[in-house]
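See below for final-v7.cif, which holds mmCIF, C-alpha atoms.
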```cif
data_entry
#
loop_
_atom_site.label_atom_id
_atom_site.label_comp_id
_atom_site.auth_asym_id
_atom_site.auth_seq_id
_atom_site.Cartn_x
_atom_site.Cartn_y
_atom_site.Cartn_z
CA MET H 1316 0.00 0.00 0.00
CA ALA H 1317 2.89 2.38 0.79
CA VAL H 1318 4.51 1.73 -2.62
CA ALA H 1319 1.18 2.27 -4.40
CA GLU H 1320 0.58 5.58 -2.60
CA GLU H 1321 4.15 6.90 -3.07
CA SER H 1322 4.74 5.52 -6.61
CA HIS H 1323 8.39 5.34 -5.60
CA PHE H 1324 10.34 2.61 -3.78
CA GLY H 1325 12.73 5.06 -2.12
CA ARG H 1326 9.98 7.24 -0.65
CA ALA H 1327 7.94 4.18 0.38
CA ALA H 1328 10.98 2.64 2.11
CA ALA H 1329 11.62 5.89 4.01
CA ARG H 1330 7.99 6.01 5.09
CA LEU H 1331 8.18 2.44 6.33
CA GLY H 1332 11.50 3.00 8.09
CA MET H 1333 13.40 0.42 6.09
CA ALA H 1334 15.98 0.23 3.33
CA GLN H 1335 14.90 0.15 -0.33
CA PRO H 1336 16.39 -3.24 -1.37
CA PRO H 1337 14.52 -5.27 1.28
CA LEU H 1338 11.30 -3.49 0.30
CA SER H 1339 11.81 -4.39 -3.36
CA GLN H 1340 12.48 -8.00 -2.36
CA ARG H 1341 9.33 -8.14 -0.23
CA ILE H 1342 7.22 -6.79 -3.11
CA GLN H 1343 8.69 -9.45 -5.38
CA ARG H 1344 7.86 -12.18 -2.83
CA LEU H 1345 4.33 -10.83 -2.50
CA GLU H 1346 3.84 -10.89 -6.29
CA LYS H 1347 5.12 -14.45 -6.40
CA GLU H 1348 2.82 -15.51 -3.58
CA LEU H 1349 -0.23 -13.87 -5.16
CA GLY H 1350 0.64 -14.94 -8.68
CA VAL H 1351 0.06 -11.46 -10.19
CA ARG H 1352 2.27 -8.51 -11.06
CA LEU H 1353 1.46 -5.56 -8.78
CA PHE H 1354 3.80 -2.86 -10.15
CA GLU H 1355 5.54 -1.84 -13.34
CA ARG H 1356 9.03 -0.55 -12.58
CA SER H 1357 11.12 1.98 -14.46
CA SER H 1358 14.27 3.85 -13.53
CA ARG H 1359 12.25 6.88 -12.53
CA ARG H 1360 8.85 5.64 -11.50
CA VAL H 1361 6.79 2.76 -10.14
CA THR H 1362 3.30 2.36 -11.62
CA ILE H 1363 0.64 0.16 -10.10
CA THR H 1364 -0.83 -2.43 -12.46
CA GLU H 1365 -4.51 -3.07 -13.05
CA ALA H 1366 -4.25 -6.18 -10.86
CA GLY H 1367 -2.53 -4.11 -8.16
CA THR H 1368 -5.28 -1.49 -8.32
CA LEU H 1369 -7.96 -4.16 -7.89
CA LEU H 1370 -6.13 -5.71 -4.90
CA LEU H 1371 -5.31 -2.40 -3.23
CA ALA H 1372 -8.80 -2.02 -1.73
CA GLU H 1373 -8.53 -5.55 -0.27
CA ALA H 1374 -5.13 -4.67 1.15
CA ARG H 1375 -6.48 -1.55 2.85
CA GLU H 1376 -9.32 -3.58 4.43
CA LEU H 1377 -6.91 -6.26 5.66
CA LEU H 1378 -4.67 -3.66 7.27
CA ALA H 1379 -7.65 -1.97 8.94
CA ARG H 1380 -8.84 -5.31 10.31
CA ALA H 1381 -5.35 -6.13 11.56
CA GLU H 1382 -5.24 -2.86 13.48
CA SER H 1383 -8.73 -3.52 14.85
CA LEU H 1384 -7.50 -6.91 16.06
CA ARG H 1385 -4.54 -5.31 17.83
CA THR H 1386 -6.82 -2.72 19.44
CA ALA H 1387 -9.21 -5.42 20.66
CA ALA H 1388 -6.29 -7.40 22.07
CA ARG H 1389 -5.07 -4.33 23.96
CA ARG H 1390 -8.55 -3.72 25.38
CA ILE H 1391 -8.81 -7.34 26.57
CA ARG H 1392 -5.31 -7.17 28.06
CA ASP H 1393 -6.19 -3.97 29.91
CA GLY H 1394 -9.55 -5.29 31.14
CA GLU H 1395 -11.60 -3.00 28.91
CA SER H 1396 -13.38 -5.70 26.94
CA GLY H 1397 -14.70 -9.20 27.44
CA LEU H 1398 -16.55 -10.65 30.46
CA LEU H 1399 -16.26 -9.61 34.10
CA ARG H 1400 -17.67 -12.09 36.65
CA ALA H 1401 -18.79 -10.10 39.70
CA ALA H 1402 -20.84 -10.66 42.85
CA LEU H 1403 -22.73 -8.69 45.50
CA SER H 1404 -23.82 -9.81 48.96
CA PRO H 1405 -27.58 -10.43 49.41
CA ASP H 1406 -28.10 -7.51 51.81
CA ILE H 1407 -27.33 -4.88 49.14
CA SER H 1408 -30.46 -2.87 48.34
CA GLY H 1409 -31.97 -2.61 44.88
CA GLU H 1410 -31.21 1.11 44.77
CA THR H 1411 -27.52 0.43 45.40
CA VAL H 1412 -27.45 -2.34 42.78
CA ALA H 1413 -29.00 -0.02 40.19
CA ALA H 1414 -26.53 2.78 41.00
CA LEU H 1415 -23.58 0.39 40.80
CA LEU H 1416 -24.67 -0.96 37.41
CA ALA H 1417 -25.23 2.53 36.02
CA GLY H 1418 -21.83 3.69 37.24
CA PHE H 1419 -20.08 0.65 35.85
CA ARG H 1420 -21.74 0.94 32.43
CA HIS H 1421 -20.68 4.59 32.31
CA ARG H 1422 -17.05 3.52 32.81
CA HIS H 1423 -17.07 0.36 30.66
CA ALA H 1424 -19.97 0.35 28.23
CA GLY H 1425 -18.35 -2.32 26.03
CA LEU H 1426 -17.72 -4.85 28.81
CA GLU H 1427 -20.17 -7.65 29.60
CA LEU H 1428 -20.86 -7.83 33.34
CA GLU H 1429 -22.04 -11.17 34.75
CA LEU H 1430 -23.43 -10.22 38.16
CA HIS H 1431 -24.32 -12.76 40.85
CA GLU H 1432 -25.84 -12.54 44.34
CA LEU H 1433 -23.47 -14.46 46.62
CA THR H 1434 -22.75 -14.46 50.33
CA THR H 1435 -19.25 -13.63 51.52
CA ALA H 1436 -18.49 -17.32 52.09
CA GLN H 1437 -19.67 -18.17 48.58
CA GLN H 1438 -17.58 -15.36 47.11
CA LEU H 1439 -14.44 -16.53 48.91
CA ALA H 1440 -15.02 -20.06 47.60
CA ALA H 1441 -15.56 -18.72 44.08
CA PHE H 1442 -12.34 -16.69 44.26
CA ALA H 1443 -10.45 -19.82 45.31
CA ALA H 1444 -11.98 -21.79 42.42
CA ARG H 1445 -11.13 -18.98 39.94
CA GLU H 1446 -14.82 -18.59 39.15
CA LEU H 1447 -15.12 -14.94 40.21
CA ASP H 1448 -13.18 -11.85 39.16
CA VAL H 1449 -14.42 -9.29 41.68
CA GLY H 1450 -16.98 -9.05 44.47
CA LEU H 1451 -18.32 -7.01 47.36
CA ILE H 1452 -17.64 -8.83 50.64
CA HIS H 1453 -18.37 -8.37 54.34
CA HIS H 1454 -15.60 -7.87 56.89
CA PRO H 1455 -14.21 -9.46 58.92
CA CYS H 1456 -13.32 -12.47 56.80
CA ASP H 1457 -10.14 -14.19 55.64
CA VAL H 1458 -8.79 -11.88 52.93
CA THR H 1459 -5.55 -13.80 52.36
CA GLY H 1460 -4.65 -13.65 48.66
CA LEU H 1461 -7.13 -10.87 47.91
CA GLY H 1462 -6.73 -7.28 46.81
CA LEU H 1463 -9.13 -4.88 48.54
CA GLY H 1464 -10.80 -1.58 47.88
CA PRO H 1465 -11.59 0.90 50.65
CA VAL H 1466 -13.57 -0.51 53.57
CA LEU H 1467 -16.98 1.16 53.92
CA ARG H 1468 -19.11 1.09 57.05
CA ARG H 1469 -22.91 1.01 57.27
CA ASP H 1470 -24.14 1.52 60.83
CA LEU H 1471 -26.89 -0.89 61.85
CA GLY H 1472 -30.29 -0.09 63.30
CA VAL H 1473 -33.09 -2.31 64.55
CA LEU H 1474 -36.18 -3.46 62.71
CA LEU H 1475 -39.20 -3.57 65.03
CA PRO H 1476 -42.91 -4.38 64.69
CA ARG H 1477 -44.94 -1.19 64.50
CA GLY H 1478 -46.40 -0.56 67.94
CA ALA H 1479 -43.44 -1.99 69.85
CA PRO H 1480 -42.58 0.37 72.75
CA GLN H 1481 -39.01 0.84 71.44
CA THR H 1482 -40.37 2.57 68.34
CA GLU H 1483 -41.15 5.59 70.51
CA LEU H 1484 -37.41 6.18 70.95
CA ASP H 1485 -35.34 8.23 68.51
CA GLU H 1486 -32.40 5.87 69.15
CA VAL H 1487 -32.74 2.41 70.66
CA PRO H 1488 -30.13 1.12 73.16
CA LEU H 1489 -29.21 -2.49 72.54
CA ALA H 1490 -30.16 -3.30 76.14
CA ALA H 1491 -33.74 -2.18 75.37
CA LEU H 1492 -34.10 -5.18 73.05
CA SER H 1493 -33.86 -7.70 75.90
CA GLY H 1494 -36.63 -10.27 75.67
CA TYR H 1495 -36.69 -10.30 71.86
CA ASP H 1496 -35.38 -13.06 69.65
CA LEU H 1497 -32.89 -11.91 67.01
CA VAL H 1498 -33.22 -12.75 63.32
CA LEU H 1499 -29.82 -13.17 61.64
CA PHE H 1500 -28.44 -14.54 58.40
CA PRO H 1501 -27.18 -18.15 58.63
CA ARG H 1502 -23.78 -18.25 60.31
CA ALA H 1503 -22.22 -20.16 57.39
CA ASP H 1504 -22.75 -17.12 55.15
CA ALA H 1505 -20.14 -15.04 57.04
CA PRO H 1506 -19.03 -16.74 60.28
CA ALA H 1507 -16.75 -13.99 61.60
CA VAL H 1508 -19.32 -11.27 60.89
CA TYR H 1509 -22.00 -13.34 62.64
CA ASP H 1510 -19.84 -13.88 65.73
CA ASP H 1511 -18.74 -10.25 65.91
CA LEU H 1512 -22.31 -9.01 65.67
CA LEU H 1513 -23.53 -11.22 68.51
CA THR H 1514 -20.53 -10.26 70.61
CA ALA H 1515 -21.36 -6.57 70.04
CA CYS H 1516 -24.95 -7.21 71.10
CA ALA H 1517 -23.79 -8.93 74.29
CA ARG H 1518 -21.45 -6.04 75.12
CA GLY H 1519 -24.33 -3.63 74.63
CA GLY H 1520 -26.48 -5.52 77.12
CA TYR H 1521 -28.61 -7.50 74.66
CA THR H 1522 -28.54 -11.29 74.81
CA PRO H 1523 -31.28 -12.64 72.51
CA THR H 1524 -33.58 -15.23 73.98
CA ALA H 1525 -33.01 -17.14 70.73
CA VAL H 1526 -31.35 -16.57 67.39
CA ARG H 1527 -33.51 -17.31 64.37
CA HIS H 1528 -32.01 -17.60 60.90
CA GLY H 1529 -33.40 -16.12 57.73
CA GLN H 1530 -32.27 -14.51 54.46
CA GLY H 1531 -35.21 -13.74 52.24
CA ALA H 1532 -36.88 -10.39 52.92
CA SER H 1533 -40.39 -11.86 53.19
CA PHE H 1534 -39.27 -14.61 55.56
CA VAL H 1535 -37.41 -12.21 57.85
CA ARG H 1536 -40.36 -9.80 57.88
CA GLY H 1537 -42.64 -12.65 58.83
CA LEU H 1538 -40.43 -13.66 61.75
CA VAL H 1539 -40.28 -10.09 63.05
CA LEU H 1540 -44.03 -9.59 62.74
CA SER H 1541 -45.19 -12.85 64.27
CA SER H 1542 -42.65 -14.28 66.69
CA GLY H 1543 -41.47 -11.57 69.08
CA ALA H 1544 -38.24 -11.05 67.17
CA VAL H 1545 -36.21 -8.13 65.90
CA ALA H 1546 -33.71 -7.87 63.07
CA LEU H 1547 -30.66 -5.67 62.61
CA GLY H 1548 -29.92 -3.87 59.39
CA PRO H 1549 -28.65 -0.58 57.93
CA ARG H 1550 -30.92 2.36 57.18
CA ASP H 1551 -31.19 1.29 53.53
CA THR H 1552 -32.30 -2.24 54.49
CA ARG H 1553 -34.52 -3.76 51.84
CA LEU H 1554 -36.73 -5.22 54.59
CA VAL H 1555 -38.59 -1.91 55.00
CA ALA H 1556 -40.27 -0.26 52.03
CA PRO H 1557 -41.23 3.43 51.95
CA GLY H 1558 -44.54 3.91 53.75
CA ASP H 1559 -44.31 0.49 55.42
CA GLN H 1560 -47.34 -0.01 57.71
CA ASP H 1561 -46.01 -3.02 59.59
CA LEU H 1562 -42.33 -2.52 60.41
CA VAL H 1563 -40.31 0.38 61.77
CA TRP H 1564 -36.54 0.97 61.54
CA ARG H 1565 -34.78 2.83 64.32
CA PRO H 1566 -31.07 3.68 64.72
CA LEU H 1567 -29.19 2.10 67.61
CA ALA H 1568 -27.84 4.33 70.36
CA GLY H 1569 -24.17 4.85 71.14
CA ALA H 1570 -21.56 3.22 68.92
CA PRO H 1571 -23.73 0.81 66.94
CA PRO H 1572 -22.47 -2.37 65.28
CA ALA H 1573 -22.03 -2.06 61.53
CA TRP H 1574 -21.76 -3.91 58.27
CA ARG H 1575 -18.31 -3.40 56.76
CA HIS H 1576 -17.87 -3.92 53.03
CA SER H 1577 -15.16 -3.63 50.45
CA ALA H 1578 -14.62 -4.68 46.89
CA ALA H 1579 -12.27 -7.67 46.66
CA TRP H 1580 -10.49 -9.50 43.87
CA PRO H 1581 -7.72 -12.13 43.58
CA LYS H 1582 -4.29 -10.53 43.84
CA GLY H 1583 -2.85 -10.24 40.35
CA ARG H 1584 -6.32 -9.98 38.74
CA GLY H 1585 -6.62 -6.23 39.20
CA ASP H 1586 -7.11 -4.35 35.91
CA ALA H 1587 -9.16 -1.50 34.53
CA ALA H 1588 -12.41 -3.50 34.63
CA VAL H 1589 -11.93 -4.61 38.24
CA ASP H 1590 -10.99 -1.04 39.20
CA ALA H 1591 -14.14 0.27 37.50
CA PHE H 1592 -16.34 -2.20 39.39
CA ALA H 1593 -14.66 -1.39 42.72
CA ASP H 1594 -15.06 2.36 42.08
CA ALA H 1595 -18.71 1.95 41.05
CA ALA H 1596 -19.49 -0.20 44.12
CA THR H 1597 -17.79 2.26 46.47
CA HIS H 1598 -19.59 5.24 44.93
CA ALA H 1599 -22.97 3.45 44.98
CA LEU H 1600 -22.65 2.49 48.66
CA ARG H 1601 -21.71 6.04 49.61
CA THR H 1602 -24.46 7.76 47.64
CA THR H 1603 -27.38 5.36 48.14
CA ALA H 1604 -26.59 3.58 51.42
CA GLY H 1605 -24.93 6.31 53.45
CA ALA H 1606 -21.74 4.26 53.80
CA HIS H 1607 -18.59 5.99 54.97
CA SER H 1608 -14.90 5.09 54.82
CA GLU H 1609 -13.06 3.14 57.45
CA ALA H 1610 -9.44 2.06 57.84
CA PRO H 1611 -8.30 -0.58 55.30
CA ALA H 1612 -9.02 -4.17 56.26
CA ARG H 1613 -6.20 -6.36 57.47
CA PRO H 1614 -5.87 -10.12 56.85
CA LEU H 1615 -7.92 -12.00 59.44
CA HIS H 1616 -6.67 -15.11 61.21
CA LEU H 1617 -9.98 -16.84 61.79
CA ARG H 1618 -10.82 -18.27 65.17
CA PRO H 1619 -12.47 -21.66 65.64
CA ALA H 1620 -16.26 -21.74 65.40
CA SER H 1621 -17.76 -19.43 67.98
CA GLU H 1622 -18.26 -20.83 71.45
CA PHE H 1623 -20.81 -18.08 72.07
CA TRP H 1624 -23.64 -18.62 69.57
CA LEU H 1625 -24.46 -21.70 67.52
#
```

Using structure tokens, write down the structure from this file.
Amino acid sequence: MAVAEESHFGRAAARLGMAQPPLSQRIQRLEKELGVRLFERSSRRVTITEAGTLLLAEARELLARAESLRTAARRIRDGESGLLRAALSPDISGETVAALLAGFRHRHAGLELELHELTTAQQLAAFAARELDVGLIHHPCDVTGLGLGPVLRRDLGVLLPRGAPQTELDEVPLAALSGYDLVLFPRADAPAVYDDLLTACARGGYTPTAVRHGQGASFVRGLVLSSGAVALGPRDTRLVAPGDQDLVWRPLAGAPPAWRHSAAWPKGRGDAAVDAFADAATHALRTTAGAHSEAPARPLHLRPASEFWL
């Protein structure tokens, strides 16, 4: 293509950054390979043949496609194209999920995002099996071998049946919940988080008469409404809808326990796509869930199963 556009081997060689004899030899090899004569040579000028003119358009297309291939390869290498396998914990509200997806699409419109709802334990297992690229996990947990984004805190409040005497308080002390069962996620979902939460309740003067386990919003709501139980959750908990006539959320007094989240990914997997997901998750939690930054998480050496609550 350079020889055709310059009509001169010397100028074409200079444009290509090579010597003229090797360029002439390469044109000769190309003509032999294609079985047609591409150029007529003279001492002063190189003229493209009719066959060369017909093939020139094909040559331009091939070069454009080759550059497109290189560009695509660079985007895949840099995490800007392809498939990103990501996960969120089940307690993330729909508003936060929507904000995260919108923010991620804004950063990486051409990347396919495969999003799953997985507990922290399931995410850690998926990381170990190389089935997950990035996720949003609860702390504390064993973060050995993981890269982490900033740790964000969501202070917890209490979910009460409407009409419960504690709903008259602007802030509810943990000790005021004595006599209520507590509805929690199954311990296997995040063992260290589960143990820390119950320890915090005990320190605050609240020892549940029983711990009931539930995950689905409807199931948890049913337990709270019908069995003398309360549940803990952040202000943006999906258990309470706007204008809810049955349940009331109240903040906890003092220094309340909290959910702590951060984006996580296998060390060495970090790239532009992972960074974009981590940034979108962090921004979504801050803007829709009132989360605020905390000190970076440190690797956790897990204790044996809790001797406090089983």

Distance criterion (only C-alpha atoms): nearest to Val1539 in chain H out of H:Pro1476, H:Gly1409, H:Gly1519, H:Gly1605: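 Of H:Pro1476, H:Gly1409, H:Gly1519, H:Gly1605, the one nearest Val1539 in chain H, counting only C-alpha atoms, is H:Pro1476.
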
Contact residues around range 1410-1426 of chain H with all atoms listed in the file at 12 Å, ignoring same-chain residues under 5 positions, as a PyMOL selection string: chain H and resi 1387+1390-1391+1393-1405+1431-1432+1451+1551-1553+1556+1578+1587-1606

The PyMOL selection byres ((chain H and resi 1559-1576) around 6) applied to the shown file, residues as a ChimeraX atom specification: /H:1452-1454,1466-1477,1486-1488,1556-1558,1577

Keeping only C-alpha atoms, write the selected residues as a PDB file, in the coordinates of the input.
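The result, stored in selection.pdb:
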```pdb
ATOM      1  CA  ILE H1452     -17.640  -8.830  50.640  1.00  0.00           C
ATOM      2  CA  HIS H1453     -18.370  -8.370  54.340  1.00  0.00           C
ATOM      3  CA  HIS H1454     -15.600  -7.870  56.890  1.00  0.00           C
ATOM      4  CA  VAL H1466     -13.570  -0.510  53.570  1.00  0.00           C
ATOM      5  CA  LEU H1467     -16.980   1.160  53.920  1.00  0.00           C
ATOM      6  CA  ARG H1468     -19.110   1.090  57.050  1.00  0.00           C
ATOM      7  CA  ARG H1469     -22.910   1.010  57.270  1.00  0.00           C
ATOM      8  CA  ASP H1470     -24.140   1.520  60.830  1.00  0.00           C
ATOM      9  CA  LEU H1471     -26.890  -0.890  61.850  1.00  0.00           C
ATOM     10  CA  GLY H1472     -30.290  -0.090  63.300  1.00  0.00           C
ATOM     11  CA  VAL H1473     -33.090  -2.310  64.550  1.00  0.00           C
ATOM     12  CA  LEU H1474     -36.180  -3.460  62.710  1.00  0.00           C
ATOM     13  CA  LEU H1475     -39.200  -3.570  65.030  1.00  0.00           C
ATOM     14  CA  PRO H1476     -42.910  -4.380  64.690  1.00  0.00           C
ATOM     15  CA  ARG H1477     -44.940  -1.190  64.500  1.00  0.00           C
ATOM     16  CA  GLU H1486     -32.400   5.870  69.150  1.00  0.00           C
ATOM     17  CA  VAL H1487     -32.740   2.410  70.660  1.00  0.00           C
ATOM     18  CA  PRO H1488     -30.130   1.120  73.160  1.00  0.00           C
ATOM     19  CA  ALA H1556     -40.270  -0.260  52.030  1.00  0.00           C
ATOM     20  CA  PRO H1557     -41.230   3.430  51.950  1.00  0.00           C
ATOM     21  CA  GLY H1558     -44.540   3.910  53.750  1.00  0.00           C
ATOM     22  CA  SER H1577     -15.160  -3.630  50.450  1.00  0.00           C
TER      23      SER H1577
END
```

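Note that the spacing between CA of Asp1406 in chain H and CA of Thr1435 in chain H amounts to 10.8 Å.
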
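Taking only C-alpha atoms, the non-local environment of Thr1362 in chain H within 12 Å (same-chain residues fewer than 4 positions away omitted) comprises H:Val1318, H:Ala1319, H:Glu1320, H:Glu1321, H:Ser1322, H:His1323, H:Phe1324, H:Arg1352, H:Leu1353, H:Phe1354, H:Glu1355, H:Arg1356, H:Ser1357, H:Ser1358, H:Ala1366, H:Gly1367, H:Thr1368.
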
Atomic separation - CA of Leu1461 in chain H relative to CA of Phe1442 in chain H, Å: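 The value is 8.6 Å.
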
Expected selection from the PyMOL selection byres ((chain H and resi 1463) around 6), given as a ChimeraX atom specification: /H:1462,1464,1578-1579

Residue with smallest distance to Gly1494 in chain H - pool H:Thr1482, H:Thr1522, H:Gln1530, H:Ser1608, counting only C-alpha atoms: H:Thr1522

Result set, the PyMOL selection byres ((chain H and resi 1500-1508) around 7) on current file, as a list in words: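 Selection result, ordered by chain and number: Thr1434, Thr1435, Ala1436, His1454, Pro1455, Cys1456, Leu1499, Tyr1509, Asp1510, Asp1511, Leu1512, His1528, Gly1529 and Gln1530 of chain H.
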
Closest of H:Val1458, H:Leu1430, H:Ile1342, H:Ile1363 to Ala1443 in chain H - atom-to-atom distances counting only C-alpha atoms: H:Val1458

Do a neighbour search on Val1498 in chain H at 9 Å with only C-alpha atoms, toss out local chain neighbours closer than 2 positions, and write the hits as a PDB file with C-alpha atoms, in the frame of the given file.
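What landed in result-v1.pdb:
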```
ATOM      1  CA  ASP H1496     -35.380 -13.060  69.650  1.00  0.00           C
ATOM      2  CA  PHE H1500     -28.440 -14.540  58.400  1.00  0.00           C
ATOM      3  CA  ALA H1525     -33.010 -17.140  70.730  1.00  0.00           C
ATOM      4  CA  VAL H1526     -31.350 -16.570  67.390  1.00  0.00           C
ATOM      5  CA  ARG H1527     -33.510 -17.310  64.370  1.00  0.00           C
ATOM      6  CA  HIS H1528     -32.010 -17.600  60.900  1.00  0.00           C
ATOM      7  CA  GLY H1529     -33.400 -16.120  57.730  1.00  0.00           C
ATOM      8  CA  VAL H1535     -37.410 -12.210  57.850  1.00  0.00           C
ATOM      9  CA  LEU H1538     -40.430 -13.660  61.750  1.00  0.00           C
ATOM     10  CA  VAL H1539     -40.280 -10.090  63.050  1.00  0.00           C
ATOM     11  CA  ALA H1544     -38.240 -11.050  67.170  1.00  0.00           C
ATOM     12  CA  VAL H1545     -36.210  -8.130  65.900  1.00  0.00           C
ATOM     13  CA  ALA H1546     -33.710  -7.870  63.070  1.00  0.00           C
ATOM     14  CA  LEU H1547     -30.660  -5.670  62.610  1.00  0.00           C
TER      15      LEU H1547
END
```

Listed atoms of range 1541-1557 of chain H boxed along x, y and z, 5 Å each side, centre and edge lengths in Å, one decimal, as lines of an AutoDock Vina configuration file:
```
center_x = -36.9
center_y = -5.4
center_z = 60.5
size_x = 26.5
size_y = 27.7
size_z = 27.2
```

Between CA of Gly1460 in chain H and CA of Lys1582 in chain H, distance in Å (one decimal):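 We find that CA of Gly1460 in chain H and CA of Lys1582 in chain H lie 5.8 Å from each other.
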
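Closest approach to Ala1532 in chain H among H:Leu1497, H:Ile1407, H:Ala1490, H:Leu1554: H:Leu1554, based on all atoms listed in the file.
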
Distance query range 1375-1379 of chain H at most 9 Å, all atoms listed in the file, self and fewer than 5 positions along chain excluded, as a list in words: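 After dropping sequence-adjacent residues, the list is Met1316, Leu1370 and Leu1384 of chain H.
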